[in-house]
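File shown: run_20.txt (compact mmCIF, C-alpha atoms and all ligand atoms).
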# COMPACT_ATOMS: atom_id res chain seq x y z
CA MET N 1 165.76 78.37 68.56
CA SER N 2 169.08 76.65 68.76
CA LYS N 3 168.76 72.96 68.02
CA SER N 4 172.52 72.79 67.51
CA GLY N 5 173.71 75.71 69.64
CA SER N 6 175.62 75.36 72.89
CA ASN N 7 173.06 77.43 74.80
CA PRO N 8 169.76 75.72 74.08
CA SER N 9 166.74 77.94 74.20
CA ARG N 10 164.00 75.50 75.28
CA ILE N 11 164.85 73.05 78.05
CA GLY N 12 162.44 70.48 79.46
CA ILE N 13 162.97 69.46 83.07
CA PHE N 14 161.45 66.15 84.00
CA GLY N 15 162.06 65.42 87.66
CA GLY N 16 161.37 62.13 89.33
CA THR N 17 162.47 59.55 91.81
CA PHE N 18 162.82 57.11 88.91
CA ASP N 19 162.86 54.14 91.29
CA PRO N 20 163.12 52.76 88.62
CA ILE N 21 162.52 54.63 85.35
CA HIS N 22 159.79 52.96 83.24
CA ASN N 23 158.32 53.17 79.76
CA ALA N 24 155.73 55.82 80.63
CA HIS N 25 158.58 58.13 81.73
CA ILE N 26 160.32 57.57 78.39
CA GLN N 27 157.16 58.25 76.39
CA ILE N 28 156.49 61.41 78.43
CA GLY N 29 159.99 62.69 77.58
CA ARG N 30 159.45 62.02 73.86
CA ASP N 31 155.99 63.58 73.74
CA ALA N 32 157.09 66.68 75.66
CA ARG N 33 160.17 67.07 73.45
CA ASP N 34 158.17 66.74 70.22
CA GLN N 35 154.98 68.59 71.15
CA SER N 36 156.70 71.53 72.86
CA ASP N 37 159.66 71.69 70.49
CA LEU N 38 162.21 71.26 73.27
CA ASP N 39 165.91 71.26 72.47
CA ARG N 40 166.66 68.90 75.37
CA VAL N 41 164.76 67.13 78.09
CA LEU N 42 166.71 66.69 81.31
CA PHE N 43 165.64 63.71 83.42
CA VAL N 44 166.49 65.08 86.85
CA VAL N 45 167.01 62.20 89.26
CA ALA N 46 165.92 63.21 92.78
CA HIS N 47 168.63 62.61 95.34
CA VAL N 48 166.33 62.76 98.37
CA PRO N 49 162.72 63.30 97.22
CA PRO N 50 160.93 65.57 99.74
CA HIS N 51 157.87 63.29 99.85
CA LYS N 52 159.81 60.00 99.93
CA GLN N 53 162.71 60.72 102.31
CA ASP N 54 164.30 57.38 103.34
CA LEU N 55 161.70 55.63 101.22
CA THR N 56 163.50 55.01 97.96
CA ASP N 57 164.45 51.41 97.26
CA ALA N 58 167.58 52.10 95.23
CA SER N 59 170.30 54.69 95.89
CA SER N 60 170.31 57.86 93.82
CA GLU N 61 173.51 56.69 92.07
CA ASP N 62 171.87 53.40 91.06
CA ARG N 63 168.68 55.16 89.94
CA TYR N 64 170.81 57.61 87.94
CA ALA N 65 172.80 54.80 86.27
CA ILE N 66 169.56 53.09 85.21
CA VAL N 67 168.14 56.35 83.82
CA GLN N 68 171.39 56.90 81.93
CA ALA N 69 171.21 53.40 80.41
CA ALA N 70 167.55 53.87 79.48
CA LEU N 71 168.21 57.17 77.66
CA ALA N 72 171.38 56.17 75.82
CA ASP N 73 169.61 55.93 72.44
CA GLU N 74 166.99 58.65 72.97
CA PRO N 75 167.81 61.83 71.03
CA GLY N 76 167.42 65.04 73.00
CA MET N 77 166.86 63.25 76.30
CA GLU N 78 169.59 63.12 78.94
CA PRO N 79 170.02 62.30 82.62
CA SER N 80 170.87 65.14 85.00
CA ARG N 81 172.90 64.84 88.22
CA ILE N 82 172.04 68.34 89.38
CA GLU N 83 170.10 67.19 92.48
CA ILE N 84 172.52 64.37 93.30
CA ASP N 85 175.50 66.72 93.16
CA ARG N 86 173.71 69.39 95.22
CA ASP N 87 173.10 66.81 97.97
CA GLY N 88 170.43 67.24 100.67
CA VAL N 89 166.69 67.19 100.03
CA SER N 90 165.85 67.73 96.36
CA TYR N 91 163.55 70.71 95.93
CA THR N 92 162.36 71.53 92.41
CA ALA N 93 162.44 75.28 93.15
CA ASP N 94 166.20 75.04 93.88
CA THR N 95 166.80 72.99 90.73
CA LEU N 96 164.95 75.48 88.52
CA HIS N 97 166.80 78.35 90.18
CA SER N 98 170.19 76.75 89.38
CA LEU N 99 169.18 75.93 85.81
CA HIS N 100 167.99 79.50 85.30
CA GLU N 101 171.38 80.77 86.49
CA GLN N 102 173.19 78.30 84.25
CA PHE N 103 171.04 79.05 81.17
CA PRO N 104 169.75 82.60 81.72
CA ASP N 105 168.41 82.95 78.17
CA ALA N 106 166.68 79.60 77.98
CA GLY N 107 162.99 78.91 78.42
CA LEU N 108 162.47 76.30 81.12
CA PHE N 109 159.57 73.85 80.89
CA LEU N 110 158.74 71.73 83.91
CA ILE N 111 157.18 68.42 82.90
CA ILE N 112 155.01 66.81 85.57
CA GLY N 113 152.31 64.16 85.84
CA MET N 114 148.80 65.16 86.86
CA ASP N 115 149.27 63.45 90.25
CA SER N 116 152.24 65.73 90.92
CA LEU N 117 150.35 68.85 89.78
CA ILE N 118 147.79 68.13 92.51
CA ASP N 119 150.60 68.33 95.10
CA LEU N 120 152.48 71.28 93.57
CA PRO N 121 150.76 74.00 95.67
CA ARG N 122 152.28 72.27 98.74
CA TRP N 123 155.80 72.05 97.28
CA ARG N 124 158.52 74.44 98.43
CA LYS N 125 158.07 77.93 96.87
CA PRO N 126 155.42 77.03 94.27
CA GLU N 127 155.17 80.68 93.18
CA HIS N 128 158.91 80.68 92.42
CA ILE N 129 158.47 77.50 90.36
CA LEU N 130 155.73 79.17 88.30
CA GLU N 131 157.91 82.24 87.74
CA LEU N 132 160.87 80.19 86.55
CA ALA N 133 159.18 77.59 84.35
CA GLU N 134 156.16 76.89 82.22
CA LEU N 135 154.31 73.77 83.29
CA LEU N 136 153.72 70.90 80.87
CA VAL N 137 151.29 68.50 82.50
CA VAL N 138 150.86 64.86 81.58
CA PRO N 139 147.48 63.21 82.14
CA ARG N 140 147.61 60.09 84.28
CA PRO N 141 145.03 57.30 84.49
CA GLY N 142 142.47 57.95 87.22
CA GLU N 143 140.28 60.82 88.38
CA TRP N 144 142.22 63.99 89.14
CA LYS N 145 140.92 67.43 90.02
CA PRO N 146 143.58 70.05 89.20
CA PRO N 147 144.00 72.71 91.92
CA ALA N 148 141.84 75.77 91.20
CA GLU N 149 144.77 78.17 91.78
CA LEU N 150 146.70 76.50 88.94
CA GLN N 151 143.92 76.75 86.37
CA GLY N 152 145.25 78.49 83.26
CA ASN N 153 148.83 78.14 84.50
CA TYR N 154 149.75 74.97 82.66
CA GLN N 155 149.60 73.29 79.29
CA LEU N 156 148.19 69.76 79.05
CA LEU N 157 150.27 67.49 76.85
CA ASP N 158 148.58 65.11 74.47
CA PHE N 159 149.57 61.80 76.06
CA LYS N 160 148.02 58.41 75.49
CA PRO N 161 147.60 57.18 79.08
CA ILE N 162 149.98 54.42 80.14
CA ASP N 163 148.98 52.66 83.33
CA VAL N 164 152.40 51.92 84.79
CA SER N 165 154.19 53.26 87.85
CA SER N 166 157.54 52.56 89.49
CA THR N 167 155.58 50.99 92.35
CA ASP N 168 154.08 48.46 89.87
CA VAL N 169 157.49 47.77 88.39
CA ARG N 170 159.04 47.09 91.81
CA ALA N 171 156.14 44.77 92.69
CA ARG N 172 156.53 42.95 89.38
CA ILE N 173 160.25 42.44 89.94
CA GLU N 174 159.60 41.09 93.43
CA SER N 175 157.09 38.61 92.11
CA GLY N 176 159.48 37.52 89.37
CA VAL N 177 157.50 38.85 86.39
CA ASP N 178 159.39 39.68 83.22
CA LEU N 179 160.06 43.42 82.78
CA GLU N 180 159.98 43.45 79.00
CA GLY N 181 157.52 46.12 77.80
CA LEU N 182 157.53 47.87 81.19
CA VAL N 183 161.03 49.31 81.33
CA PRO N 184 163.56 49.89 78.54
CA HIS N 185 165.64 46.81 77.79
CA ALA N 186 168.96 48.38 78.86
CA ALA N 187 167.37 49.47 82.15
CA ALA N 188 166.03 45.95 82.82
CA GLU N 189 169.48 44.50 82.18
CA LEU N 190 171.16 46.89 84.60
CA ILE N 191 168.52 46.27 87.28
CA ARG N 192 169.22 42.54 87.03
CA GLU N 193 172.98 43.06 86.91
CA LYS N 194 172.85 45.15 90.08
CA GLY N 195 170.37 42.75 91.71
CA LEU N 196 168.04 45.66 92.56
CA TYR N 197 164.45 45.49 93.82
CA GLY N 198 164.80 41.82 94.72
CA SER N 199 165.79 40.86 91.17
CA ALA N 200 168.77 38.91 92.54
CA GLU N 201 166.36 36.35 94.04
CA ILE N 202 164.49 35.74 90.80
CA HIS N 203 167.59 34.67 88.94
CA PRO N 204 169.21 32.05 91.17
CA THR N 205 172.68 31.17 89.98
CA GLY N 206 172.95 27.77 91.63
P1 LIG N 301 156.05 55.69 92.25
O1 LIG N 301 155.12 54.60 91.80
O2 LIG N 301 157.25 55.15 92.99
O3 LIG N 301 155.34 56.79 93.00
P2 LIG N 301 156.13 56.98 89.60
O4 LIG N 301 155.85 55.92 88.60
O5 LIG N 301 155.03 57.97 89.88
O6 LIG N 301 156.70 56.36 90.95
P3 LIG N 301 158.13 59.08 89.64
O7 LIG N 301 159.59 58.94 89.40
O8 LIG N 301 157.69 59.39 91.02
O9 LIG N 301 157.42 57.73 89.10
O10 LIG N 301 157.48 60.09 88.61
C1 LIG N 301 158.15 61.11 87.94
C2 LIG N 301 157.12 61.92 87.19
O11 LIG N 301 156.48 61.10 86.19
C3 LIG N 301 155.98 62.46 88.07
O12 LIG N 301 155.67 63.77 87.63
C4 LIG N 301 154.82 61.51 87.78
O13 LIG N 301 153.58 62.16 87.94
C5 LIG N 301 155.07 61.16 86.32
N1 LIG N 301 154.55 59.84 85.93
C6 LIG N 301 155.03 58.64 86.30
N2 LIG N 301 154.35 57.64 85.73
C7 LIG N 301 153.38 58.22 84.96
C8 LIG N 301 152.32 57.71 84.12
N3 LIG N 301 152.11 56.40 83.96
N4 LIG N 301 151.53 58.62 83.49
C9 LIG N 301 151.74 59.96 83.66
N5 LIG N 301 152.70 60.50 84.45
C10 LIG N 301 153.52 59.64 85.09
Can you dump the structure from the file as structure tokens?
Amino acid sequence: MSKSGSNPSRIGIFGGTFDPIHNAHIQIGRDARDQSDLDRVLFVVAHVPPHKQDLTDASSEDRYAIVQAALADEPGMEPSRIEIDRDGVSYTADTLHSLHEQFPDAGLFLIIGMDSLIDLPRWRKPEHILELAELLVVPRPGEWKPPAELQGNYQLLDFKPIDVSSTDVRARIESGVDLEGLVPHAAAELIREKGLYGSAEIHPTG
């Protein structure tokens, strides 16, 4: 292991739309880092998510800036621009392929929520994803039946369920509810500063 080396040996990859990042995302990063002894967890901000093309509220640059603000004081957790800089639709298989080329000796660990695991067999090149990374799966509130073909192919993280989603956060902002406790403070400030998700309307200046 190389906690201080320049070529880390265990890298967590936590991909998401992060529209916006919320406290469950942060806790997932911490739990994955600590339970799986990861040197770093990369929060990979999707540029164009395959399942939400044209459906994100905020631009990838704004979502990235909010993730960056949220992670500023989180050791071992960092935002990644890899999908933004690649441009086009953001496929996890391509991202893992690039990271494997960049860090050929590292172990890659793909961190995903149970709702995403259900969809994974329909993602682009799922077999390639399973070759390149070990799966760390996070339970999510609700009833989920993991796909039979993935049984035995993933590790379930010990995660105290947090019933929050980016969809809830956007709805809360629109209805003017305070974001404290839902998103990291620095993220909430930046959202308001940028006037995202309708937050401009809830803080009239005049
Ligand atoms: P949306 O409500 O817009 O669909 P989201 O809250 O699911 O967004 P994403 O950015 O799409 O957030 O999620 C990134 C990853 O985090 C996915 O793997 C998702 O399953 C996982 N995730 C998000 N929120 C939770 C949660 N509360 N518990 C467990 N996993 C979660």
Q | Pick from N:Pro126, N:Pro147, N:Gly15, N:Gly29 nearest to Leu71 of chain N, counting all atoms listed in the file | A | N:Gly29
Just give me the residues with any atom within 10 Å of (147.9, 64.2, 93.8), file coordinates, counting all atoms listed in the file, written as a short mmCIF file (atom, residue, chain, number, x, y, z; two decimals) with C-alpha atoms, in the frame of the given file.
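point.cif was written with the following content:
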data_model
loop_
_atom_site.label_atom_id
_atom_site.label_comp_id
_atom_site.auth_asym_id
_atom_site.auth_seq_id
_atom_site.Cartn_x
_atom_site.Cartn_y
_atom_site.Cartn_z
CA GLY N 113 152.31 64.16 85.84
CA MET N 114 148.80 65.16 86.86
CA ASP N 115 149.27 63.45 90.25
CA SER N 116 152.24 65.73 90.92
CA LEU N 117 150.35 68.85 89.78
CA ILE N 118 147.79 68.13 92.51
CA ASP N 119 150.60 68.33 95.10
CA LEU N 120 152.48 71.28 93.57
CA GLU N 143 140.28 60.82 88.38
CA TRP N 144 142.22 63.99 89.14
CA LYS N 145 140.92 67.43 90.02
CA PRO N 146 143.58 70.05 89.20
CA PRO N 147 144.00 72.71 91.92
#
Determine, using all atoms listed in the file, which residues of chain N have any atom at most 9 Å from an atom of ligand LIG 301 (chain N), and tabulate each with its shortest atom pair and distance in Å to one decimal place, rows ordered by chain and then rising number, as a tab-separated table.
residue	atom	partner	partner_atom	distance
N:Phe14	CA	N:LIG301	C2	6.8
N:Gly15	CA	N:LIG301	C1	5.8
N:Gly16	CA	N:LIG301	C1	3.7
N:Thr17	CA	N:LIG301	O7	3.8
N:Phe18	CA	N:LIG301	O7	3.7
N:Asp19	CA	N:LIG301	O2	5.9
N:Pro20	CA	N:LIG301	O7	7.2
N:Ile21	CA	N:LIG301	O7	6.6
N:His22	CA	N:LIG301	O4	7.3
N:Asn23	CA	N:LIG301	N3	8.2
N:Ala24	CA	N:LIG301	N3	5.0
N:His25	CA	N:LIG301	O11	5.8
N:Ile28	CA	N:LIG301	N5	7.2
N:Val45	CA	N:LIG301	O7	8.1
N:Ala46	CA	N:LIG301	O7	8.4
N:Pro49	CA	N:LIG301	O8	8.9
N:Lys52	CA	N:LIG301	O2	8.8
N:Thr56	CA	N:LIG301	O2	8.0
N:Ile111	CA	N:LIG301	O12	6.8
N:Ile112	CA	N:LIG301	O12	3.7
N:Gly113	CA	N:LIG301	O13	3.2
N:Met114	CA	N:LIG301	O13	5.7
N:Asp115	CA	N:LIG301	O13	5.1
N:Ser116	CA	N:LIG301	O13	4.8
N:Leu117	CA	N:LIG301	O13	7.7
N:Val137	CA	N:LIG301	O12	8.2
N:Val138	CA	N:LIG301	C9	5.4
N:Pro139	CA	N:LIG301	C9	5.6
N:Arg140	CA	N:LIG301	C9	4.2
N:Pro141	CA	N:LIG301	N4	6.7
N:Phe159	CA	N:LIG301	C9	8.1
N:Lys160	CA	N:LIG301	N4	8.7
N:Pro161	CA	N:LIG301	N4	6.1
N:Ile162	CA	N:LIG301	N3	4.8
N:Asp163	CA	N:LIG301	N3	4.9
N:Val164	CA	N:LIG301	N3	4.6
N:Ser165	CA	N:LIG301	O4	3.2
N:Ser166	CA	N:LIG301	O4	3.9
N:Thr167	CA	N:LIG301	O1	3.7
N:Asp168	CA	N:LIG301	O1	6.5
N:Val169	CA	N:LIG301	O1	8.0
N:Arg170	CA	N:LIG301	O2	8.3
Q: Would you please work out which residue, of N:Ile129, N:Pro121, N:Ser36, N:Pro79, is nearest to Leu150 of chain N when using all atoms listed in the file?
A: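 Residue with the minimum atom-to-atom distance to Leu150 of chain N: N:Pro121.
With only C-alpha atoms as the atoms that count, the residue of N:Ala171, N:Ala65, N:Leu110, N:Val41 with the shortest distance to Tyr154 of chain N is N:Leu110.
Nearest to Leu156 of chain N of all the residues N:Asp31, N:Asp85, N:Glu101, N:Glu127 is N:Asp31, based on all atoms listed in the file.
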Q. Looking at all atoms listed in the file, which of N:Asp34, N:Asp158, N:Met77, N:Gly88 is the one that sits closest to Ser60 of chain N?
A.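 When distances to Ser60 of chain N are compared using all atoms listed in the file, the smallest one comes from N:Gly88.
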Q) So how many Å separate atom CA of Glu74 of chain N and atom CA of Glu180 of chain N, to one decimal? A)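 One can read the atom CA of Glu74 of chain N to atom CA of Glu180 of chain N distance as 17.8 Å.
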Q | Minimum-distance residue to Glu189 of chain N, chosen among N:Gln27, N:Ile11, N:Glu131, N:Ala69 (using all atoms listed in the file) | A |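 Of all the options, N:Ala69 lies closest to Glu189 of chain N.
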Q.
Can you measure atom CA of Leu182 of chain N to atom CA of Asp62 of chain N for me? One decimal in Å is fine.
A.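 Calculated distance between atom CA of Leu182 of chain N and atom CA of Asp62 of chain N is 18.3 Å.
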Can you patch up segment 132-156 of chain N, filling it in to N, CA and C atoms, and show the result as a compact mmCIF listing (two decimals), in the frame of the given file?
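Generated file (result.txt):
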# COMPACT_ATOMS: atom_id res chain seq x y z
N LEU N 132 159.67 80.65 87.25
CA LEU N 132 160.87 80.19 86.55
C LEU N 132 160.57 79.29 85.35
N ALA N 133 159.43 78.59 85.39
CA ALA N 133 159.18 77.59 84.35
C ALA N 133 157.72 77.58 83.91
N GLU N 134 157.53 77.18 82.67
CA GLU N 134 156.16 76.89 82.22
C GLU N 134 155.88 75.43 82.55
N LEU N 135 154.65 75.13 82.90
CA LEU N 135 154.31 73.77 83.29
C LEU N 135 153.73 73.00 82.10
N LEU N 136 154.27 71.83 81.87
CA LEU N 136 153.72 70.90 80.87
C LEU N 136 153.19 69.71 81.67
N VAL N 137 151.89 69.51 81.64
CA VAL N 137 151.29 68.50 82.50
C VAL N 137 150.86 67.28 81.68
N VAL N 138 151.16 66.12 82.25
CA VAL N 138 150.86 64.86 81.58
C VAL N 138 149.67 64.20 82.27
N PRO N 139 148.60 63.90 81.51
CA PRO N 139 147.48 63.21 82.14
C PRO N 139 147.92 61.84 82.66
N ARG N 140 147.28 61.39 83.72
CA ARG N 140 147.61 60.09 84.28
C ARG N 140 146.32 59.34 84.53
N PRO N 141 146.28 58.02 84.28
CA PRO N 141 145.03 57.30 84.49
C PRO N 141 144.44 57.58 85.86
N GLY N 142 143.15 57.68 85.94
CA GLY N 142 142.47 57.95 87.22
C GLY N 142 141.74 59.27 87.19
N GLU N 143 141.05 59.56 88.27
CA GLU N 143 140.28 60.82 88.38
C GLU N 143 141.13 61.85 89.12
N TRP N 144 141.40 62.97 88.50
CA TRP N 144 142.22 63.99 89.14
C TRP N 144 141.54 65.34 89.00
N LYS N 145 141.51 66.10 90.09
CA LYS N 145 140.92 67.43 90.02
C LYS N 145 142.05 68.45 90.19
N PRO N 146 142.46 69.10 89.08
CA PRO N 146 143.58 70.05 89.20
C PRO N 146 143.26 71.18 90.16
N PRO N 147 144.24 71.64 90.95
CA PRO N 147 144.00 72.71 91.92
C PRO N 147 143.50 73.98 91.23
N ALA N 148 142.46 74.60 91.81
CA ALA N 148 141.84 75.77 91.20
C ALA N 148 142.87 76.87 90.96
N GLU N 149 143.81 77.06 91.92
CA GLU N 149 144.77 78.17 91.78
C GLU N 149 145.74 77.96 90.61
N LEU N 150 145.79 76.74 90.07
CA LEU N 150 146.70 76.50 88.94
C LEU N 150 145.99 76.54 87.59
N GLN N 151 144.67 76.70 87.63
CA GLN N 151 143.92 76.75 86.37
C GLN N 151 144.50 77.85 85.47
N GLY N 152 144.73 77.50 84.21
CA GLY N 152 145.25 78.49 83.26
C GLY N 152 146.75 78.67 83.36
N ASN N 153 147.38 77.97 84.30
CA ASN N 153 148.83 78.14 84.50
C ASN N 153 149.64 76.98 83.94
N TYR N 154 148.99 76.09 83.20
CA TYR N 154 149.75 74.97 82.66
C TYR N 154 149.17 74.55 81.32
N GLN N 155 150.02 73.82 80.58
CA GLN N 155 149.60 73.29 79.29
C GLN N 155 149.48 71.78 79.43
N LEU N 156 148.38 71.21 78.96
CA LEU N 156 148.19 69.76 79.05
C LEU N 156 148.78 69.11 77.81
